[in-house]
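Only one structure is covered here, and it is reproduced in the block below.
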2 protein chains.
Amino acid sequence: MEMESKLVAHPRQSGRVSVENLPPSMIRKLANPSRGLNDVIPLWFGEPDRPTPEFICEAAIDSLKAGHTFYKPNLGIEPLRVALADYTNGLYETRFGPENIVVTNSGLVALGLASQCVVNEGDTVVTHAPMWPNLPAIQEVLGAQVVRVPLEMRSGAWRLDLDRLFAACTPETTMMMINSPSNPTGWMLNDVEQQAILDFCRHRGLWLIADEVYNRLVYDAPRAPSFSGKINDDDKVLLVNSFSKTWAMTGWRLGWLTIPKSMEKTFEMLVEYNFSCVPEPTQRAGIVAARDGEQFVSESVARYRQARDCLLEHLANFPRVTCVRPESTFYSWLSLDGMTDSYAFAEQAIHEAKVGMAPGIAFGPEGEGHLRICFAVDTDLIEQAIDRLGPMLR
Amino acid sequence: MEMESKLVAHPRQSGRVSVENLPPSMIRKLANPSRGLNDVIPLWFGEPDRPTPEFICEAAIDSLKAGHTFYKPNLGIEPLRVALADYTNGLYETRFGPENIVVTNSGLVALGLASQCVVNEGDTVVTHAPMWPNLPAIQEVLGAQVVRVPLEMRSGAWRLDLDRLFAACTPETTMMMINSPSNPTGWMLNDVEQQAILDFCRHRGLWLIADEVYNRLVYDAPRAPSFSGKINDDDKVLLVNSFSKTWAMTGWRLGWLTIPKSMEKTFEMLVEYNFSCVPEPTQRAGIVAARDGEQFVSESVARYRQARDCLLEHLANFPRVTCVRPESTFYSWLSLDGMTDSYAFAEQAIHEAKVGMAPGIAFGPEGEGHLRICFAVDTDLIEQAIDRLGPMLR
């Protein structure tokens, strides 16, 4: 009978995080006011500085010209599902078929679908931290509690203590969520650790969602260790990947899930009620990327390696800065002695140094005291950024 | 401690519909085995037969060529938000600004976002029926109970009894969901009825989600009545629209929400955690469609009107068929005397008559005994379809 004067989303009565209580994306919050300012060097977002290669764009253009503007099957067009199975099989000596592949309109959406499938209100999800904030947020919106096991710095490298990870799993735990290679730290699991995690999940009947979107941005191997090569079709494992980072396609919103064959029908329905299908021109571009994109991947990684080494070399001049050489991703995750408010520092850096960085706190409380720099840019821009940041890092 | 031999999604303990219990899309279930068969006349899906007009595709092609392949703001690029506000203001003499617009990757996703925002587990949502199955499914996945008030046939026209609609609202009801013009019936609310519904929702403090994606496919007016022109910025109303039907863009996955300004931040977060952003080339195409697409809309409607009249003229030859002349949408919703299993009938029609139609049961139990024919095709195809269906309709 009342007129409400202030419009708020319906307050949650249940365990789910209410929409208003969702944590805002602190990277976007920081960056939005400065969007389009040409004088800020943008190292905050996780995306390459160069547009998608032309040969990939051409495939979408050809598809548009051919009039591919109709609804498509929920799980993706067959040639893309085949191309993605082939791509994975080529990388990891696996034997996936198109029926293991679900095409989604981004890795983020793939994560959301996978989570909808296995996470319930009241569940506990165990994961590591610091972490890309959207991963835990998706679980919290579904009403799950997220238990975060912090990475530890051991002998100058990040490491996840598996005993701590396993000890964090209680009878209420239904799922483990792993992001390796990891945003923001650039840390990754090795094959032995992955096998141990898989064995533990099998033993305890836990679901495992693994976000492997950085699996090609690796500096000492052609690809990161993946759960792909370790699982069989009875495993409760859902693998998330994306075209965004590997083929510089962030803006396309194209990703995929690798699922057990027996869940094909379940995901068909989930896609139907979530987003229906992915545009065909986007999928045609995806086929070309997965099939013909290897040279681009190697060239990109070589370029990012150069940028990484340049950045680390310059950061070494600042005694207050501690920074592990990342073995994967295009992020440098640095800590600055004496810095206790990363958001304030990052904001100050925009205004005083004209450099945009992601504040560590954006990746959870474990990230405080840190900054994330995306080094997927030319080395002269990195030199310019460090030059500008100099007075603040000293 | 157990290994599960059969992989099923995590069973819901709560009131939410478990993923395995989701109703399959019966249109897709029926059509999928016959996809690509050239000898079936496809009148089952709700999409125009012609691809998106070239001038719209060109905008996306130009955007791809310009390298617009990066992340974009959550709520949409400013020129598209402006274009959509202008478009609505031009149609309905409203005064929306870009801050009222949220760009989404489909009308379906817009519905999902709006529902996430206002629907809670245990809520009751009141709506009408028969209805596009995805609309209630979205609510059920969120744990809401959907109460369906059936349309009634009065003096040869569909009608929603508003007294029955209002009587269906209990203290547990938090939201009303309206789809006018309506899929599958082609029925629509008039302005007086819309005002009465809005007044009722205001009085009771209910949210109103209105799916208006068919608002331009109207045969006796340039646009359907809309809640747009009746609401003010204090109203708990979320309007859903899409580029799919109006500009023949089903495969693009582009839609939008019209929201109260005060909810901009809430939707910014919802988009961030759901799909992040819509591809820029798609948004650029959307600008051109909304700004320069009026001639295409009039030509399409003229063509669909001709197809509708052709279809009805031919159906009139079959005494068993009852069919209202739809005043909107591109669907004919017909009942066939003596037909009690629309799914079996539609399946038989594929095999015996080589004509694909949507079975009425796909739109809920209220739809049984009916068939939906999408008449967005050339008249010679309609004549051919009726010719083939003849023996089954006699």
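Labels used: A, B, ... for chains in the order of the structure tokens, numbers from 1 for residues in each chain, and numbers from 1 for ligands as shown.
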DSSP helix (DSSP H, G or I) selection over region 69-153 of chain B, as a ChimeraX atom specification
/B:78-92,98-100,107-118,134-141
Those same residues, written as a CSV table (one decimal), in the first residue's frame with C-alpha atoms?
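Resulting contents of result-v2.csv:
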chain,number,residue,atom,x,y,z
B,78,GLU,CA,27.3,6.8,-24.8
B,79,PRO,CA,26.2,7.4,-28.5
B,80,LEU,CA,24.1,4.3,-28.4
B,81,ARG,CA,22.5,5.2,-25.1
B,82,VAL,CA,21.7,8.6,-26.5
B,83,ALA,CA,20.4,7.1,-29.7
B,84,LEU,CA,18.1,4.8,-27.8
B,85,ALA,CA,16.8,7.6,-25.5
B,86,ASP,CA,16.2,9.7,-28.6
B,87,TYR,CA,14.5,6.9,-30.4
B,88,THR,CA,12.1,6.2,-27.5
B,89,ASN,CA,11.4,9.9,-27.0
B,90,GLY,CA,10.6,10.3,-30.7
B,91,LEU,CA,8.2,7.4,-30.6
B,92,TYR,CA,6.4,8.1,-27.3
B,98,PRO,CA,21.1,8.2,-21.8
B,99,GLU,CA,21.2,7.6,-18.1
B,100,ASN,CA,17.9,5.7,-18.4
B,107,GLY,CA,16.4,-8.7,-24.8
B,108,LEU,CA,16.6,-12.1,-23.0
B,109,VAL,CA,19.6,-10.9,-21.1
B,110,ALA,CA,17.8,-7.6,-20.3
B,111,LEU,CA,15.0,-9.7,-18.8
B,112,GLY,CA,17.4,-11.7,-16.8
B,113,LEU,CA,19.2,-8.6,-15.4
B,114,ALA,CA,15.9,-6.9,-14.6
B,115,SER,CA,14.7,-10.1,-12.8
B,116,GLN,CA,17.9,-10.5,-10.9
B,117,CYS,CA,17.4,-7.0,-9.7
B,118,VAL,CA,13.8,-7.4,-8.3
B,134,ASN,CA,11.8,-18.2,-21.3
B,135,LEU,CA,10.0,-15.4,-19.4
B,136,PRO,CA,8.6,-17.6,-16.6
B,137,ALA,CA,11.6,-19.9,-16.7
B,138,ILE,CA,13.9,-16.9,-15.8
B,139,GLN,CA,11.7,-16.3,-12.7
B,140,GLU,CA,11.6,-19.9,-11.7
B,141,VAL,CA,15.4,-20.3,-11.9
As a PyMOL selection string, please: the residues near region 300-311 of chain A (cut-off 6 Å, only C-alpha atoms, same-chain neighbours under 4 positions excluded).
chain A and resi 296+375-376+379
Transformed chain A, reference chain B, full Cα set in order, as a tab-separated table (two decimals) with C-alpha atoms, in the first residue's frame:
chain	number	residue	atom	x	y	z
A	1	MET	CA	33.83	-39.68	-0.04
A	2	GLU	CA	31.86	-41.03	-2.96
A	3	MET	CA	32.47	-41.03	-6.68
A	4	GLU	CA	29.26	-40.22	-8.45
A	5	SER	CA	28.78	-42.26	-11.55
A	6	LYS	CA	26.18	-40.06	-13.16
A	7	LEU	CA	26.97	-36.40	-13.56
A	8	VAL	CA	24.10	-34.17	-12.70
A	9	ALA	CA	24.09	-30.55	-11.79
A	10	HIS	CA	24.05	-29.93	-8.08
A	11	PRO	CA	20.48	-30.67	-6.90
A	12	ARG	CA	18.73	-27.64	-5.50
A	13	GLN	CA	17.95	-27.82	-1.81
A	14	SER	CA	16.08	-24.56	-2.01
A	15	GLY	CA	13.00	-23.27	-3.74
A	16	ARG	CA	14.82	-22.59	-6.95
A	17	VAL	CA	14.08	-24.77	-9.94
A	18	SER	CA	16.93	-27.20	-10.33
A	19	VAL	CA	18.77	-26.92	-13.59
A	20	GLU	CA	17.75	-30.44	-14.62
A	21	ASN	CA	14.13	-29.64	-14.00
A	22	LEU	CA	14.12	-26.66	-16.28
A	23	PRO	CA	11.54	-27.11	-18.97
A	24	PRO	CA	13.31	-27.68	-22.29
A	25	SER	CA	12.50	-25.22	-25.06
A	26	MET	CA	9.96	-27.27	-26.95
A	27	ILE	CA	10.41	-25.23	-30.11
A	28	ARG	CA	14.12	-25.93	-30.18
A	29	LYS	CA	13.55	-29.56	-29.17
A	30	LEU	CA	11.18	-29.97	-32.08
A	31	ALA	CA	13.21	-28.03	-34.60
A	32	ASN	CA	16.76	-29.12	-33.78
A	33	PRO	CA	16.61	-32.53	-35.50
A	34	SER	CA	15.34	-30.86	-38.69
A	35	ARG	CA	17.75	-27.92	-38.71
A	36	GLY	CA	19.34	-27.50	-42.07
A	37	LEU	CA	16.82	-29.70	-43.86
A	38	ASN	CA	16.09	-27.62	-46.92
A	39	ASP	CA	12.76	-29.26	-47.59
A	40	VAL	CA	11.06	-28.11	-44.37
A	41	ILE	CA	9.38	-24.68	-44.55
A	42	PRO	CA	10.56	-23.09	-41.30
A	43	LEU	CA	7.77	-21.12	-39.64
A	44	TRP	CA	8.65	-22.16	-36.08
A	45	PHE	CA	11.16	-19.60	-34.84
A	46	GLY	CA	10.27	-16.01	-34.08
A	47	GLU	CA	12.51	-14.32	-36.58
A	48	PRO	CA	12.20	-12.57	-39.93
A	49	ASP	CA	13.25	-14.59	-42.98
A	50	ARG	CA	15.54	-11.87	-44.31
A	51	PRO	CA	18.97	-10.96	-43.01
A	52	THR	CA	19.69	-7.65	-41.32
A	53	PRO	CA	19.66	-4.73	-43.81
A	54	GLU	CA	23.04	-3.96	-45.30
A	55	PHE	CA	23.26	-0.39	-44.02
A	56	ILE	CA	23.14	-1.75	-40.45
A	57	CYS	CA	25.73	-4.46	-41.15
A	58	GLU	CA	27.99	-1.85	-42.74
A	59	ALA	CA	28.19	0.05	-39.47
A	60	ALA	CA	29.51	-3.06	-37.71
A	61	ILE	CA	31.94	-3.75	-40.55
A	62	ASP	CA	33.29	-0.20	-40.41
A	63	SER	CA	33.67	-0.51	-36.66
A	64	LEU	CA	35.62	-3.77	-36.98
A	65	LYS	CA	37.84	-2.19	-39.61
A	66	ALA	CA	38.47	0.72	-37.27
A	67	GLY	CA	39.75	-1.74	-34.64
A	68	HIS	CA	36.89	-1.39	-32.15
A	69	THR	CA	37.75	-4.65	-30.41
A	70	PHE	CA	38.33	-3.50	-26.82
A	71	TYR	CA	36.35	-3.56	-23.56
A	72	LYS	CA	33.65	-0.92	-23.35
A	73	PRO	CA	31.71	0.67	-20.46
A	74	ASN	CA	29.24	-1.66	-18.69
A	75	LEU	CA	26.11	0.30	-19.51
A	76	GLY	CA	26.84	0.76	-23.20
A	77	ILE	CA	28.70	3.33	-25.29
A	78	GLU	CA	27.36	6.83	-24.82
A	79	PRO	CA	26.22	7.43	-28.45
A	80	LEU	CA	24.08	4.27	-28.40
A	81	ARG	CA	22.54	5.19	-25.05
A	82	VAL	CA	21.76	8.63	-26.48
A	83	ALA	CA	20.39	7.12	-29.70
A	84	LEU	CA	18.07	4.79	-27.78
A	85	ALA	CA	16.81	7.56	-25.50
A	86	ASP	CA	16.19	9.73	-28.58
A	87	TYR	CA	14.48	6.86	-30.39
A	88	THR	CA	12.08	6.25	-27.49
A	89	ASN	CA	11.46	9.95	-26.99
A	90	GLY	CA	10.61	10.29	-30.67
A	91	LEU	CA	8.16	7.39	-30.57
A	92	TYR	CA	6.40	8.09	-27.29
A	93	GLU	CA	7.01	11.78	-26.56
A	94	THR	CA	8.99	10.84	-23.47
A	95	ARG	CA	11.99	12.59	-21.97
A	96	PHE	CA	14.47	9.82	-21.30
A	97	GLY	CA	18.17	10.52	-21.25
A	98	PRO	CA	21.14	8.21	-21.82
A	99	GLU	CA	21.25	7.54	-18.05
A	100	ASN	CA	17.90	5.72	-18.39
A	101	ILE	CA	19.35	3.23	-20.89
A	102	VAL	CA	21.23	-0.02	-20.24
A	103	VAL	CA	22.58	-1.77	-23.34
A	104	THR	CA	22.46	-5.57	-23.08
A	105	ASN	CA	23.48	-8.47	-25.27
A	106	SER	CA	19.84	-9.37	-26.10
A	107	GLY	CA	16.35	-8.71	-24.83
A	108	LEU	CA	16.60	-12.08	-23.05
A	109	VAL	CA	19.64	-10.89	-21.09
A	110	ALA	CA	17.83	-7.61	-20.34
A	111	LEU	CA	14.99	-9.66	-18.84
A	112	GLY	CA	17.43	-11.72	-16.83
A	113	LEU	CA	19.16	-8.62	-15.43
A	114	ALA	CA	15.88	-6.93	-14.57
A	115	SER	CA	14.67	-10.06	-12.84
A	116	GLN	CA	17.91	-10.53	-10.89
A	117	CYS	CA	17.39	-7.02	-9.66
A	118	VAL	CA	13.85	-7.34	-8.34
A	119	VAL	CA	13.03	-11.02	-7.84
A	120	ASN	CA	13.92	-13.06	-4.77
A	121	GLU	CA	13.58	-16.66	-3.82
A	122	GLY	CA	10.09	-17.23	-2.46
A	123	ASP	CA	8.57	-14.26	-4.28
A	124	THR	CA	5.47	-14.56	-6.38
A	125	VAL	CA	5.37	-13.06	-9.87
A	126	VAL	CA	2.03	-12.50	-11.57
A	127	THR	CA	1.78	-12.63	-15.33
A	128	HIS	CA	-0.48	-13.62	-18.20
A	129	ALA	CA	-0.50	-16.73	-20.40
A	130	PRO	CA	0.17	-18.32	-22.84
A	131	MET	CA	3.63	-16.82	-22.90
A	132	TRP	CA	7.12	-17.20	-24.37
A	133	PRO	CA	8.50	-19.92	-22.06
A	134	ASN	CA	11.77	-18.14	-21.25
A	135	LEU	CA	9.95	-15.36	-19.40
A	136	PRO	CA	8.56	-17.54	-16.60
A	137	ALA	CA	11.62	-19.84	-16.67
A	138	ILE	CA	13.88	-16.91	-15.76
A	139	GLN	CA	11.74	-16.22	-12.69
A	140	GLU	CA	11.61	-19.87	-11.68
A	141	VAL	CA	15.39	-20.22	-11.87
A	142	LEU	CA	15.58	-17.31	-9.42
A	143	GLY	CA	13.27	-19.21	-7.06
A	144	ALA	CA	10.08	-17.27	-7.67
A	145	GLN	CA	6.67	-18.80	-8.15
A	146	VAL	CA	4.91	-17.65	-11.31
A	147	VAL	CA	1.13	-17.20	-11.23
A	148	ARG	CA	-0.31	-17.18	-14.75
A	149	VAL	CA	-3.61	-15.51	-15.61
A	150	PRO	CA	-4.89	-16.88	-18.92
A	151	LEU	CA	-6.00	-14.60	-21.73
A	152	GLU	CA	-9.64	-15.06	-22.65
A	153	MET	CA	-11.33	-15.13	-26.03
A	154	ARG	CA	-14.09	-12.51	-26.03
A	155	SER	CA	-16.09	-11.62	-29.15
A	156	GLY	CA	-13.42	-13.05	-31.39
A	157	ALA	CA	-10.48	-11.27	-29.78
A	158	TRP	CA	-7.98	-12.06	-27.04
A	159	ARG	CA	-8.40	-10.10	-23.86
A	160	LEU	CA	-6.74	-10.00	-20.43
A	161	ASP	CA	-9.27	-9.64	-17.63
A	162	LEU	CA	-7.57	-7.04	-15.43
A	163	ASP	CA	-9.76	-7.87	-12.44
A	164	ARG	CA	-8.49	-11.44	-12.60
A	165	LEU	CA	-4.92	-10.18	-13.01
A	166	PHE	CA	-5.19	-7.94	-9.97
A	167	ALA	CA	-7.00	-10.59	-7.91
A	168	ALA	CA	-4.06	-12.94	-8.55
A	169	CYS	CA	-1.75	-10.58	-6.63
A	170	THR	CA	-1.29	-11.61	-3.00
A	171	PRO	CA	0.90	-10.13	-0.25
A	172	GLU	CA	3.69	-12.43	-1.50
A	173	THR	CA	3.55	-10.88	-4.96
A	174	THR	CA	6.48	-8.57	-5.61
A	175	MET	CA	6.40	-8.18	-9.36
A	176	MET	CA	4.11	-8.12	-12.34
A	177	MET	CA	5.46	-9.22	-15.69
A	178	ILE	CA	3.72	-8.04	-18.86
A	179	ASN	CA	4.53	-8.92	-22.45
A	180	SER	CA	2.51	-6.64	-24.73
A	181	PRO	CA	2.39	-6.98	-27.74
A	182	SER	CA	2.39	-10.61	-26.83
A	183	ASN	CA	4.18	-13.66	-28.13
A	184	PRO	CA	2.50	-16.02	-29.14
A	185	THR	CA	-0.98	-14.54	-29.40
A	186	GLY	CA	-0.38	-11.16	-31.06
A	187	TRP	CA	-2.70	-9.65	-28.46
A	188	MET	CA	-1.80	-6.29	-26.94
A	189	LEU	CA	-2.91	-4.01	-24.11
A	190	ASN	CA	-4.46	-0.66	-24.94
A	191	ASP	CA	-3.40	2.58	-23.27
A	192	VAL	CA	-6.26	2.54	-20.77
A	193	GLU	CA	-5.43	-0.99	-19.66
A	194	GLN	CA	-1.73	-0.13	-19.33
A	195	GLN	CA	-2.56	2.87	-17.18
A	196	ALA	CA	-4.76	0.69	-14.95
A	197	ILE	CA	-1.95	-1.85	-14.53
A	198	LEU	CA	0.56	0.88	-13.73
A	199	ASP	CA	-1.81	2.45	-11.20
A	200	PHE	CA	-2.36	-0.92	-9.55
A	201	CYS	CA	1.39	-1.60	-9.32
A	202	ARG	CA	1.98	1.87	-7.88
A	203	HIS	CA	-0.75	1.42	-5.33
A	204	ARG	CA	0.57	-1.96	-4.23
A	205	GLY	CA	4.26	-1.09	-4.45
A	206	LEU	CA	4.83	-3.85	-7.02
A	207	TRP	CA	7.65	-3.90	-9.51
A	208	LEU	CA	6.62	-4.04	-13.14
A	209	ILE	CA	8.78	-5.64	-15.81
A	210	ALA	CA	7.36	-5.03	-19.27
A	211	ASP	CA	8.74	-6.88	-22.27
A	212	GLU	CA	7.94	-4.62	-25.23
A	213	VAL	CA	10.13	-6.21	-27.91
A	214	TYR	CA	7.24	-6.37	-30.41
A	215	ASN	CA	6.27	-2.71	-29.99
A	216	ARG	CA	7.00	-1.84	-33.66
A	217	LEU	CA	5.33	-4.85	-35.25
A	218	VAL	CA	1.87	-3.33	-35.16
A	219	TYR	CA	-0.57	-3.21	-38.05
A	220	ASP	CA	-2.94	-0.36	-37.28
A	221	ALA	CA	-0.59	2.17	-35.70
A	222	PRO	CA	3.07	3.21	-36.00
A	223	ARG	CA	3.83	1.73	-32.58
A	224	ALA	CA	2.12	-0.25	-29.84
A	225	PRO	CA	0.99	1.34	-26.58
A	226	SER	CA	3.94	1.37	-24.21
A	227	PHE	CA	4.47	1.95	-20.52
A	228	SER	CA	7.27	4.37	-21.57
A	229	GLY	CA	4.97	7.32	-21.96
A	230	LYS	CA	3.15	6.67	-18.69
A	231	ILE	CA	5.90	6.27	-16.15
A	232	ASN	CA	7.99	8.78	-14.28
A	233	ASP	CA	11.40	8.34	-12.73
A	234	ASP	CA	10.00	7.26	-9.35
A	235	ASP	CA	8.16	4.28	-10.78
A	236	LYS	CA	9.35	0.77	-10.08
A	237	VAL	CA	9.20	-0.11	-13.75
A	238	LEU	CA	11.85	-1.78	-15.92
A	239	LEU	CA	11.19	-1.84	-19.66
A	240	VAL	CA	12.76	-4.47	-21.90
A	241	ASN	CA	13.33	-4.01	-25.60
A	242	SER	CA	15.43	-5.57	-28.34
A	243	PHE	CA	16.76	-4.95	-31.82
A	244	SER	CA	15.82	-8.50	-32.87
A	245	LYS	CA	12.31	-8.17	-34.22
A	246	THR	CA	12.16	-4.48	-35.18
A	247	TRP	CA	15.30	-4.41	-37.31
A	248	ALA	CA	15.66	-8.11	-38.20
A	249	MET	CA	18.64	-8.50	-35.89
A	250	THR	CA	17.84	-11.72	-33.98
A	251	GLY	CA	21.33	-13.14	-34.40
A	252	TRP	CA	23.11	-10.01	-33.16
A	253	ARG	CA	22.01	-10.40	-29.54
A	254	LEU	CA	21.39	-6.74	-28.86
A	255	GLY	CA	18.76	-5.36	-26.52
A	256	TRP	CA	18.26	-2.67	-23.93
A	257	LEU	CA	16.55	-1.77	-20.69
A	258	THR	CA	14.89	1.51	-19.82
A	259	ILE	CA	15.41	2.05	-16.09
A	260	PRO	CA	14.87	4.76	-13.47
A	261	LYS	CA	17.96	6.99	-13.34
A	262	SER	CA	18.49	6.18	-9.67
A	263	MET	CA	19.24	2.55	-10.57
A	264	GLU	CA	22.13	3.28	-12.94
A	265	LYS	CA	24.82	2.20	-10.44
A	266	THR	CA	22.94	-1.00	-9.57
A	267	PHE	CA	22.74	-2.00	-13.22
A	268	GLU	CA	26.36	-1.06	-13.80
A	269	MET	CA	27.32	-3.71	-11.23
A	270	LEU	CA	24.83	-6.25	-12.53
A	271	VAL	CA	26.27	-5.91	-16.04
A	272	GLU	CA	29.84	-6.09	-14.72
A	273	TYR	CA	29.18	-9.46	-13.08
A	274	ASN	CA	26.92	-10.85	-15.78
A	275	PHE	CA	28.51	-10.08	-19.15
A	276	SER	CA	30.75	-7.01	-18.69
A	277	CYS	CA	29.86	-5.19	-21.92
A	278	VAL	CA	28.44	-5.53	-25.42
A	279	PRO	CA	30.84	-5.60	-28.42
A	280	GLU	CA	31.37	-2.14	-29.86
A	281	PRO	CA	30.72	-3.09	-33.52
A	282	THR	CA	27.33	-4.45	-32.44
A	283	GLN	CA	26.58	-1.23	-30.60
A	284	ARG	CA	27.63	0.87	-33.62
A	285	ALA	CA	25.20	-1.15	-35.74
A	286	GLY	CA	22.55	-0.46	-33.12
A	287	ILE	CA	23.06	3.30	-33.39
A	288	VAL	CA	22.46	3.17	-37.13
A	289	ALA	CA	19.39	0.92	-36.75
A	290	ALA	CA	17.75	3.13	-34.12
A	291	ARG	CA	18.58	6.35	-35.98
A	292	ASP	CA	18.15	5.41	-39.64
A	293	GLY	CA	15.95	2.31	-39.50
A	294	GLU	CA	12.45	3.81	-39.78
A	295	GLN	CA	12.04	3.12	-43.47
A	296	PHE	CA	13.05	-0.49	-42.94
A	297	VAL	CA	10.51	-0.79	-40.12
A	298	SER	CA	7.64	0.50	-42.26
A	299	GLU	CA	8.58	-1.69	-45.20
A	300	SER	CA	8.86	-4.74	-42.97
A	301	VAL	CA	5.51	-4.13	-41.33
A	302	ALA	CA	3.88	-3.66	-44.75
A	303	ARG	CA	5.38	-6.94	-45.87
A	304	TYR	CA	4.34	-8.80	-42.73
A	305	ARG	CA	0.82	-7.37	-43.05
A	306	GLN	CA	0.57	-8.78	-46.54
A	307	ALA	CA	1.83	-12.14	-45.30
A	308	ARG	CA	-0.61	-12.09	-42.39
A	309	ASP	CA	-3.56	-11.38	-44.63
A	310	CYS	CA	-2.49	-14.06	-47.08
A	311	LEU	CA	-2.17	-16.61	-44.29
A	312	LEU	CA	-5.54	-15.78	-42.75
A	313	GLU	CA	-7.26	-15.85	-46.11
A	314	HIS	CA	-5.99	-19.37	-46.73
A	315	LEU	CA	-6.67	-20.59	-43.21
A	316	ALA	CA	-10.28	-19.44	-43.61
A	317	ASN	CA	-10.77	-22.38	-45.98
A	318	PHE	CA	-10.42	-24.83	-43.10
A	319	PRO	CA	-13.48	-24.97	-40.84
A	320	ARG	CA	-11.47	-26.75	-38.11
A	321	VAL	CA	-9.12	-23.77	-37.80
A	322	THR	CA	-9.94	-20.80	-35.55
A	323	CYS	CA	-7.62	-17.86	-35.72
A	324	VAL	CA	-7.80	-14.26	-34.54
A	325	ARG	CA	-6.36	-11.67	-36.91
A	326	PRO	CA	-3.33	-10.54	-34.88
A	327	GLU	CA	-3.03	-6.77	-34.49
A	328	SER	CA	0.65	-7.07	-33.68
A	329	THR	CA	3.71	-9.40	-33.81
A	330	PHE	CA	4.40	-11.67	-36.77
A	331	TYR	CA	2.64	-14.69	-35.32
A	332	SER	CA	-0.60	-16.39	-36.11
A	333	TRP	CA	-1.90	-18.28	-33.07
A	334	LEU	CA	-4.43	-20.77	-34.33
A	335	SER	CA	-6.45	-23.49	-32.72
A	336	LEU	CA	-7.44	-26.64	-34.52
A	337	ASP	CA	-10.68	-28.29	-33.54
A	338	GLY	CA	-10.04	-31.78	-32.18
A	339	MET	CA	-6.27	-31.38	-31.84
A	340	THR	CA	-5.29	-32.20	-28.25
A	341	ASP	CA	-1.55	-32.83	-28.57
A	342	SER	CA	0.08	-29.86	-30.29
A	343	TYR	CA	3.58	-31.26	-29.94
A	344	ALA	CA	2.64	-34.52	-31.68
A	345	PHE	CA	0.77	-32.57	-34.34
A	346	ALA	CA	3.71	-30.23	-34.98
A	347	GLU	CA	6.04	-33.21	-35.18
A	348	GLN	CA	3.73	-34.92	-37.64
A	349	ALA	CA	3.57	-31.72	-39.70
A	350	ILE	CA	7.36	-31.74	-40.06
A	351	HIS	CA	7.41	-35.27	-41.38
A	352	GLU	CA	4.20	-35.40	-43.40
A	353	ALA	CA	3.81	-31.83	-44.61
A	354	LYS	CA	7.40	-30.60	-44.33
A	355	VAL	CA	6.22	-27.51	-42.47
A	356	GLY	CA	7.77	-26.37	-39.19
A	357	MET	CA	5.40	-24.75	-36.67
A	358	ALA	CA	5.72	-24.06	-32.95
A	359	PRO	CA	3.44	-26.28	-30.84
A	360	GLY	CA	1.08	-24.37	-28.51
A	361	ILE	CA	2.17	-26.39	-25.51
A	362	ALA	CA	5.61	-24.73	-25.82
A	363	PHE	CA	3.92	-21.62	-24.41
A	364	GLY	CA	2.50	-23.35	-21.37
A	365	PRO	CA	-0.53	-25.53	-20.69
A	366	GLU	CA	-2.79	-22.62	-21.72
A	367	GLY	CA	-1.37	-23.02	-25.23
A	368	GLU	CA	-2.39	-26.63	-25.78
A	369	GLY	CA	-4.66	-27.11	-28.76
A	370	HIS	CA	-2.89	-24.29	-30.59
A	371	LEU	CA	-0.08	-23.80	-33.10
A	372	ARG	CA	2.06	-20.73	-33.68
A	373	ILE	CA	3.01	-19.84	-37.22
A	374	CYS	CA	5.58	-17.12	-37.82
A	375	PHE	CA	4.47	-15.34	-40.99
A	376	ALA	CA	7.57	-13.15	-41.48
A	377	VAL	CA	8.16	-14.79	-44.87
A	378	ASP	CA	7.19	-14.29	-48.52
A	379	THR	CA	3.54	-14.94	-49.38
A	380	ASP	CA	4.42	-17.67	-51.87
A	381	LEU	CA	6.06	-19.62	-49.04
A	382	ILE	CA	2.90	-19.20	-46.95
A	383	GLU	CA	0.78	-20.47	-49.83
A	384	GLN	CA	3.09	-23.42	-50.28
A	385	ALA	CA	2.99	-24.19	-46.54
A	386	ILE	CA	-0.80	-24.11	-46.37
A	387	ASP	CA	-0.97	-26.22	-49.47
A	388	ARG	CA	1.22	-28.84	-47.83
A	389	LEU	CA	-0.63	-28.64	-44.51
A	390	GLY	CA	-4.02	-28.97	-46.21
A	391	PRO	CA	-4.57	-32.68	-45.56
A	392	MET	CA	-3.76	-32.24	-41.85
A	393	LEU	CA	-5.99	-29.19	-41.34
A	394	ARG	CA	-9.03	-30.63	-43.07
Output as a list of chain:residue names all residues of region 136-233 of chain A that backbone DSSP marks as strand (DSSP E).
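Listing strand (DSSP E) positions across region 136-233 of chain A yields A:Gln145, A:Val146, A:Val147, A:Arg148, A:Val149, A:Pro150, A:Glu152, A:Met153, A:Arg154, A:Ala157, A:Trp158, A:Arg159, A:Thr173, A:Thr174, A:Met175, A:Met176, A:Met177, A:Ile178, A:Asn179, A:Trp207, A:Leu208, A:Ile209, A:Ala210, A:Asp211.
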